[in-house]
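First the structure, in the form of structure tokens, and then the observations on it.
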Amino acid sequence: KLTALAYVTDELLMDATALETYVTRAVSDELAFKLDDAIVRGSGVGVPLGLLNAACTVEVAKETSQAPATIVMENTDKMVARMLPRSFDRSVWLINVNCYPTMRQMSLKIKNVAGTENVGGSAVYIPPGGVAGSPYGSLAGRPVIAIEQAETVGTVGDIVLADLGMYWLARKGGIQSASSIHVNFLTDETAFRFIMRVDGQPMLKSAITPYKGTGTLS
């Protein structure tokens with residue numbers, strides 16, 4: 001149950017006729033932020049169960065020689081390989097905005113015959129229009145979306161590959177709003193109250209053992 005309460009002086013309401021509309025919009029944005037946060041990081045106790053805390057979530061470890069606070073092509077390739085095949089075409093990458101600089105440096109490395117030295121390579125994350133274009137594009141053919149709720153780069157949850165169509169979300173109506181002049185009648189303030197009832201969790205109880213191959217899928 002998400003709630004918000006805002007107090008506005010009656011003078012301000014009279015002087016700014018659009019204020020009530022502004023308060024409603026601002027509160028709606030905050031409730032949406034909290035809901036998004038729960039969907040990504042919720043504990044499931046009194047709030048929705050988020051992607052990062054779900055039993056079905058598969059975590060891909062960094063490479064042995066990988067520098068801290070970086071994302072390399074091997075990370076994202078292994079994430080794709082752990083995605084349930086039927087979910088990949090609906091999936092999106094959710095990243096913290098500070099992942100962007102290191103993602104721009106991701107490359108396909110070409111080694112020498114002995115496999116001991118990098119002798120070439122090519123960039124793998126080039127946004128549409130090149131460096132002068134929009135900063136976010138796609139990776140492995142799936143959209144890249146920067147969100148505030150993703151963890152900082154180098155932390156579990158900094159980049160997430162998710163099929164949000166496999167997340168169950170239940171809402172009891174939309175945002176319910178009400179106002180009262182009586183709560184703070186003595187100070188001549190109007191109280192605006194907003195309530196939203198919502199719950200959610202991933203559809204899978206656990207990661208799936210593939211019909212063929214090794215390594216669980218999510």
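Residues are referred to by chain and number: the chain letter is A, B, ... according to the order shown in the structure tokens, the number counts from 1 in that chain, and ligands are numbered separately from 1 in the order shown.
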From the DSSP assignment of the backbone, select every residue of range 5-166 of chain A that is alpha helix (DSSP H), and format the answer as a PyMOL selection string. chain A and resi 10-15+19-41+73-81+85-88+100-104
Nearby residues (only C-alpha atoms) at most 12 Å from Pro85 in chain A, same-chain spacing under 6 positions excluded, as number ranges by chain: A: 79, 91, 162-163, 208, 210-211, 216-218
Keeping only C-alpha atoms, write the selected residues as a short mmCIF file (atom, residue, chain, number, x, y, z; two decimals), in the first residue's frame.
```
data_model
loop_
_atom_site.label_atom_id
_atom_site.label_comp_id
_atom_site.auth_asym_id
_atom_site.auth_seq_id
_atom_site.Cartn_x
_atom_site.Cartn_y
_atom_site.Cartn_z
CA MET A 79 23.67 -13.18 -19.40
CA SER A 91 13.65 -8.80 -22.85
CA ALA A 162 14.79 -9.09 -17.87
CA ASP A 163 11.57 -10.13 -19.58
CA ILE A 208 14.58 -23.49 -14.93
CA PRO A 210 16.99 -26.60 -19.54
CA TYR A 211 15.77 -29.57 -21.53
CA THR A 216 19.85 -22.94 -15.21
CA LEU A 217 17.83 -20.38 -17.17
CA SER A 218 15.70 -17.46 -16.04
#
```
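For range 172-175 of chain A, the set of protein, DNA and RNA residues having any atom at most 6 Å away, when counting only C-alpha atoms and skipping those fewer than 4 positions along the same chain, is A:Ile195, A:Met196, A:Arg197.
Taking CA of Val47 in chain A as the reference point, CA of Ser28 in chain A is found at 17.7 Å.
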Please determine, counting only C-alpha atoms, which residue among A:Ala6, A:Ala16, A:Val144, A:Ile71 has the shortest atom-to-atom distance to Ser180 in chain A. A:Ala6
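Of the residues listed (A:Val97, A:Arg82, A:Phe194, A:Ala69), A:Phe194 shows the shortest atom-to-atom separation from Val27 in chain A; distances use only C-alpha atoms.
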For Cys56 in chain A, find every residue with an atom within 12 Å (counting only C-alpha atoms), except residues of its own chain fewer than 3 positions away, and show them as an mmCIF file with C-alpha atoms, in the first residue's frame.
```
data_model
loop_
_atom_site.group_PDB
_atom_site.id
_atom_site.type_symbol
_atom_site.label_atom_id
_atom_site.label_comp_id
_atom_site.auth_asym_id
_atom_site.auth_seq_id
_atom_site.Cartn_x
_atom_site.Cartn_y
_atom_site.Cartn_z
ATOM 1 C CA LEU A 49 9.066 -9.120 -4.693
ATOM 2 C CA GLY A 50 11.663 -7.548 -6.942
ATOM 3 C CA LEU A 51 13.734 -9.020 -9.747
ATOM 4 C CA LEU A 52 17.005 -8.911 -7.819
ATOM 5 C CA ASN A 53 15.638 -10.794 -4.793
ATOM 6 C CA GLU A 59 23.383 -14.035 -11.246
ATOM 7 C CA ARG A 82 21.200 -17.733 -19.167
ATOM 8 C CA MET A 83 17.992 -16.156 -20.502
ATOM 9 C CA LEU A 84 15.033 -18.444 -21.153
ATOM 10 C CA ALA A 162 14.789 -9.089 -17.869
ATOM 11 C CA MET A 166 7.100 -12.526 -16.960
ATOM 12 C CA TYR A 167 6.391 -10.276 -13.966
ATOM 13 C CA GLN A 201 6.335 -10.957 -8.185
ATOM 14 C CA PRO A 202 8.102 -12.843 -10.982
ATOM 15 C CA MET A 203 6.035 -15.653 -12.474
ATOM 16 C CA LEU A 204 8.739 -18.294 -11.946
ATOM 17 C CA LYS A 205 9.317 -19.773 -8.489
ATOM 18 C CA SER A 206 12.842 -20.854 -9.372
ATOM 19 C CA ALA A 207 15.312 -20.904 -12.241
ATOM 20 C CA ILE A 208 14.579 -23.494 -14.926
ATOM 21 C CA THR A 209 16.751 -26.507 -15.723
ATOM 22 C CA THR A 216 19.848 -22.936 -15.212
ATOM 23 C CA LEU A 217 17.832 -20.381 -17.166
ATOM 24 C CA SER A 218 15.702 -17.462 -16.038
#
```
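Shortest separation to Asp10 in chain A among A:Thr76, A:Gly165, A:Lys212, A:Phe185 occurs at residue A:Phe185, atoms counted being only C-alpha atoms.
Distances here use only C-alpha atoms; by that measure, the residue among A:Ser122, A:Thr116, A:Thr9, A:Thr152 closest to Arg104 in chain A is A:Ser122.
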Pick out the residues sitting within 12 Å of Glu151 in chain A, and hand them over as a PyMOL selection string; count only C-alpha atoms, and ignore anything fewer than 4 positions along from it in its own chain. chain A and resi 37+40-41+52+69+94-99+146-147+155-160
Can you list, as an mmCIF file with all heavy atoms, in the first residue's frame, every protein, DNA or RNA residue that comes within 12 Å of Ala4 in chain A when you count only C-alpha atoms, leaving out same-chain residues fewer than 3 positions away?
```
data_model
loop_
_atom_site.group_PDB
_atom_site.id
_atom_site.type_symbol
_atom_site.label_atom_id
_atom_site.label_comp_id
_atom_site.auth_asym_id
_atom_site.auth_seq_id
_atom_site.Cartn_x
_atom_site.Cartn_y
_atom_site.Cartn_z
ATOM 1 N N LYS A 1 0.853 -1.184 0.000
ATOM 2 C CA LYS A 1 0.000 0.000 0.000
ATOM 3 C C LYS A 1 0.888 1.231 0.000
ATOM 4 O O LYS A 1 1.596 1.513 0.962
ATOM 5 C CB LYS A 1 -0.911 -0.018 1.230
ATOM 6 C CG LYS A 1 -1.917 1.108 1.278
ATOM 7 C CD LYS A 1 -2.827 0.945 2.491
ATOM 8 C CE LYS A 1 -3.882 2.030 2.558
ATOM 9 N NZ LYS A 1 -4.779 1.859 3.721
ATOM 10 N N TYR A 7 0.466 18.851 2.100
ATOM 11 C CA TYR A 7 -0.257 19.995 2.663
ATOM 12 C C TYR A 7 -0.001 21.234 1.807
ATOM 13 O O TYR A 7 1.135 21.511 1.435
ATOM 14 C CB TYR A 7 0.201 20.281 4.099
ATOM 15 C CG TYR A 7 -0.127 19.181 5.084
ATOM 16 C CD1 TYR A 7 0.873 18.345 5.572
ATOM 17 C CD2 TYR A 7 -1.425 18.990 5.541
ATOM 18 C CE1 TYR A 7 0.582 17.346 6.478
ATOM 19 C CE2 TYR A 7 -1.732 17.990 6.448
ATOM 20 C CZ TYR A 7 -0.723 17.167 6.920
ATOM 21 O OH TYR A 7 -1.025 16.175 7.819
ATOM 22 N N VAL A 23 0.425 19.089 -7.909
ATOM 23 C CA VAL A 23 0.621 18.185 -6.774
ATOM 24 C C VAL A 23 0.235 16.763 -7.169
ATOM 25 O O VAL A 23 0.947 15.798 -6.864
ATOM 26 C CB VAL A 23 -0.196 18.653 -5.549
ATOM 27 C CG1 VAL A 23 -0.193 17.586 -4.460
ATOM 28 C CG2 VAL A 23 0.365 19.956 -5.007
ATOM 29 N N THR A 24 -0.901 16.628 -7.858
ATOM 30 C CA THR A 24 -1.347 15.298 -8.291
ATOM 31 C C THR A 24 -0.314 14.644 -9.193
ATOM 32 O O THR A 24 0.010 13.456 -9.043
ATOM 33 C CB THR A 24 -2.693 15.404 -9.024
ATOM 34 O OG1 THR A 24 -3.669 15.986 -8.143
ATOM 35 C CG2 THR A 24 -3.172 14.037 -9.471
ATOM 36 N N ALA A 26 2.981 15.377 -9.424
ATOM 37 C CA ALA A 26 4.221 15.128 -8.691
ATOM 38 C C ALA A 26 4.109 13.876 -7.823
ATOM 39 O O ALA A 26 5.030 13.049 -7.775
ATOM 40 C CB ALA A 26 4.577 16.340 -7.832
ATOM 41 N N VAL A 27 2.973 13.741 -7.139
ATOM 42 C CA VAL A 27 2.774 12.568 -6.297
ATOM 43 C C VAL A 27 2.693 11.307 -7.150
ATOM 44 O O VAL A 27 3.252 10.261 -6.792
ATOM 45 C CB VAL A 27 1.513 12.733 -5.424
ATOM 46 C CG1 VAL A 27 1.152 11.416 -4.734
ATOM 47 C CG2 VAL A 27 1.731 13.824 -4.387
ATOM 48 N N SER A 28 2.020 11.385 -8.294
ATOM 49 C CA SER A 28 1.925 10.229 -9.184
ATOM 50 C C SER A 28 3.313 9.776 -9.635
ATOM 51 O O SER A 28 3.596 8.575 -9.684
ATOM 52 C CB SER A 28 1.064 10.570 -10.408
ATOM 53 O OG SER A 28 -0.264 10.870 -10.025
ATOM 54 N N ASP A 29 4.178 10.745 -9.942
ATOM 55 C CA ASP A 29 5.540 10.408 -10.354
ATOM 56 C C ASP A 29 6.291 9.709 -9.227
ATOM 57 O O ASP A 29 7.036 8.750 -9.462
ATOM 58 C CB ASP A 29 6.296 11.671 -10.772
ATOM 59 C CG ASP A 29 5.806 12.234 -12.095
ATOM 60 O OD1 ASP A 29 5.086 11.510 -12.812
ATOM 61 O OD2 ASP A 29 6.124 13.406 -12.400
ATOM 62 N N GLU A 30 6.121 10.184 -7.984
ATOM 63 C CA GLU A 30 6.815 9.583 -6.846
ATOM 64 C C GLU A 30 6.305 8.174 -6.555
ATOM 65 O O GLU A 30 7.075 7.266 -6.244
ATOM 66 C CB GLU A 30 6.680 10.468 -5.609
ATOM 67 C CG GLU A 30 7.590 11.689 -5.628
ATOM 68 C CD GLU A 30 9.054 11.302 -5.742
ATOM 69 O OE1 GLU A 30 9.511 10.422 -4.984
ATOM 70 O OE2 GLU A 30 9.741 11.863 -6.606
ATOM 71 N N LEU A 31 4.989 7.995 -6.638
ATOM 72 C CA LEU A 31 4.435 6.659 -6.421
ATOM 73 C C LEU A 31 4.938 5.696 -7.499
ATOM 74 O O LEU A 31 5.248 4.538 -7.212
ATOM 75 C CB LEU A 31 2.908 6.709 -6.427
ATOM 76 C CG LEU A 31 2.243 7.446 -5.255
ATOM 77 C CD1 LEU A 31 0.724 7.388 -5.395
ATOM 78 C CD2 LEU A 31 2.667 6.858 -3.912
ATOM 79 N N ALA A 32 5.025 6.173 -8.739
ATOM 80 C CA ALA A 32 5.544 5.344 -9.825
ATOM 81 C C ALA A 32 7.007 4.973 -9.571
ATOM 82 O O ALA A 32 7.430 3.835 -9.827
ATOM 83 C CB ALA A 32 5.404 6.070 -11.158
ATOM 84 N N LYS A 34 8.494 4.681 -6.628
ATOM 85 C CA LYS A 34 8.533 3.694 -5.548
ATOM 86 C C LYS A 34 8.106 2.317 -6.060
ATOM 87 O O LYS A 34 8.658 1.288 -5.650
ATOM 88 C CB LYS A 34 7.638 4.132 -4.399
ATOM 89 C CG LYS A 34 8.119 5.384 -3.677
ATOM 90 C CD LYS A 34 9.400 5.120 -2.901
ATOM 91 C CE LYS A 34 9.160 4.241 -1.683
ATOM 92 N NZ LYS A 34 10.399 4.083 -0.877
ATOM 93 N N ILE A 175 -4.681 5.159 -8.774
ATOM 94 C CA ILE A 175 -4.352 5.985 -7.613
ATOM 95 C C ILE A 175 -5.631 6.650 -7.116
ATOM 96 O O ILE A 175 -6.314 7.346 -7.865
ATOM 97 C CB ILE A 175 -3.300 7.051 -7.974
ATOM 98 C CG1 ILE A 175 -2.007 6.377 -8.445
ATOM 99 C CG2 ILE A 175 -3.026 7.958 -6.784
ATOM 100 C CD1 ILE A 175 -0.973 7.358 -8.939
ATOM 101 N N GLN A 176 -5.960 6.415 -5.854
ATOM 102 C CA GLN A 176 -7.133 7.044 -5.250
ATOM 103 C C GLN A 176 -6.699 8.334 -4.554
ATOM 104 O O GLN A 176 -5.748 8.332 -3.780
ATOM 105 C CB GLN A 176 -7.777 6.101 -4.237
ATOM 106 C CG GLN A 176 -8.169 4.748 -4.820
ATOM 107 C CD GLN A 176 -8.625 3.778 -3.754
ATOM 108 O OE1 GLN A 176 -9.198 4.178 -2.738
ATOM 109 N NE2 GLN A 176 -8.363 2.493 -3.962
ATOM 110 N N SER A 177 -7.399 9.417 -4.843
ATOM 111 C CA SER A 177 -7.029 10.706 -4.253
ATOM 112 C C SER A 177 -8.212 11.302 -3.508
ATOM 113 O O SER A 177 -9.375 11.075 -3.861
ATOM 114 C CB SER A 177 -6.553 11.679 -5.339
ATOM 115 O OG SER A 177 -7.579 11.909 -6.287
ATOM 116 N N ALA A 178 -7.888 12.040 -2.479
ATOM 117 C CA ALA A 178 -8.911 12.730 -1.691
ATOM 118 C C ALA A 178 -8.275 13.964 -1.071
ATOM 119 O O ALA A 178 -7.056 14.030 -0.886
ATOM 120 C CB ALA A 178 -9.470 11.814 -0.609
ATOM 121 N N SER A 179 -9.102 14.964 -0.780
ATOM 122 C CA SER A 179 -8.600 16.178 -0.137
ATOM 123 C C SER A 179 -9.504 16.537 1.036
ATOM 124 O O SER A 179 -10.680 16.162 1.078
ATOM 125 C CB SER A 179 -8.542 17.341 -1.125
ATOM 126 O OG SER A 179 -9.838 17.647 -1.623
ATOM 127 N N ALA A 191 -5.265 19.331 2.945
ATOM 128 C CA ALA A 191 -4.467 18.105 2.892
ATOM 129 C C ALA A 191 -4.907 17.274 1.682
ATOM 130 O O ALA A 191 -6.105 17.057 1.476
ATOM 131 C CB ALA A 191 -4.640 17.294 4.171
ATOM 132 N N PHE A 192 -3.941 16.839 0.910
ATOM 133 C CA PHE A 192 -4.195 15.956 -0.234
ATOM 134 C C PHE A 192 -3.616 14.584 0.079
ATOM 135 O O PHE A 192 -2.432 14.465 0.392
ATOM 136 C CB PHE A 192 -3.559 16.518 -1.508
ATOM 137 C CG PHE A 192 -4.171 17.794 -1.979
ATOM 138 C CD1 PHE A 192 -3.648 19.031 -1.572
ATOM 139 C CD2 PHE A 192 -5.269 17.788 -2.824
ATOM 140 C CE1 PHE A 192 -4.212 20.215 -2.003
ATOM 141 C CE2 PHE A 192 -5.838 18.973 -3.269
ATOM 142 C CZ PHE A 192 -5.314 20.189 -2.844
ATOM 143 N N ARG A 193 -4.449 13.558 -0.010
ATOM 144 C CA ARG A 193 -4.011 12.196 0.293
ATOM 145 C C ARG A 193 -4.144 11.331 -0.953
ATOM 146 O O ARG A 193 -5.143 11.405 -1.672
ATOM 147 C CB ARG A 193 -4.864 11.595 1.415
ATOM 148 C CG ARG A 193 -4.387 10.223 1.895
ATOM 149 C CD ARG A 193 -5.431 9.562 2.765
ATOM 150 N NE ARG A 193 -6.620 9.209 1.977
ATOM 151 C CZ ARG A 193 -7.740 8.732 2.517
ATOM 152 N NH1 ARG A 193 -7.856 8.595 3.826
ATOM 153 N NH2 ARG A 193 -8.774 8.420 1.739
ATOM 154 N N PHE A 194 -3.130 10.485 -1.156
ATOM 155 C CA PHE A 194 -3.108 9.599 -2.322
ATOM 156 C C PHE A 194 -2.787 8.183 -1.851
ATOM 157 O O PHE A 194 -1.898 7.991 -1.026
ATOM 158 C CB PHE A 194 -2.054 10.059 -3.333
ATOM 159 C CG PHE A 194 -2.238 11.480 -3.778
ATOM 160 C CD1 PHE A 194 -1.703 12.532 -3.036
ATOM 161 C CD2 PHE A 194 -2.939 11.770 -4.938
ATOM 162 C CE1 PHE A 194 -1.874 13.840 -3.439
ATOM 163 C CE2 PHE A 194 -3.106 13.078 -5.352
ATOM 164 C CZ PHE A 194 -2.579 14.115 -4.599
ATOM 165 N N ILE A 195 -3.505 7.198 -2.392
ATOM 166 C CA ILE A 195 -3.320 5.803 -2.006
ATOM 167 C C ILE A 195 -3.317 4.930 -3.255
ATOM 168 O O ILE A 195 -4.134 5.121 -4.155
ATOM 169 C CB ILE A 195 -4.436 5.320 -1.052
ATOM 170 C CG1 ILE A 195 -4.399 6.107 0.267
ATOM 171 C CG2 ILE A 195 -4.307 3.815 -0.778
ATOM 172 C CD1 ILE A 195 -5.558 5.786 1.195
ATOM 173 N N MET A 196 -2.382 3.976 -3.299
ATOM 174 C CA MET A 196 -2.358 2.989 -4.379
ATOM 175 C C MET A 196 -2.057 1.625 -3.781
ATOM 176 O O MET A 196 -1.085 1.463 -3.031
ATOM 177 C CB MET A 196 -1.310 3.343 -5.430
ATOM 178 C CG MET A 196 -1.229 2.332 -6.572
ATOM 179 S SD MET A 196 -0.215 2.863 -7.988
ATOM 180 C CE MET A 196 1.391 2.990 -7.218
#
```
Enumerate the residues of range 40-214 of chain A with a DSSP assignment of strand (DSSP E), computed from the backbone, and present them as a ChimeraX atom specification. /A:92-95,107-111,118-123,138-139,142-146,159-162,167-171,176-184,189-196,198-202
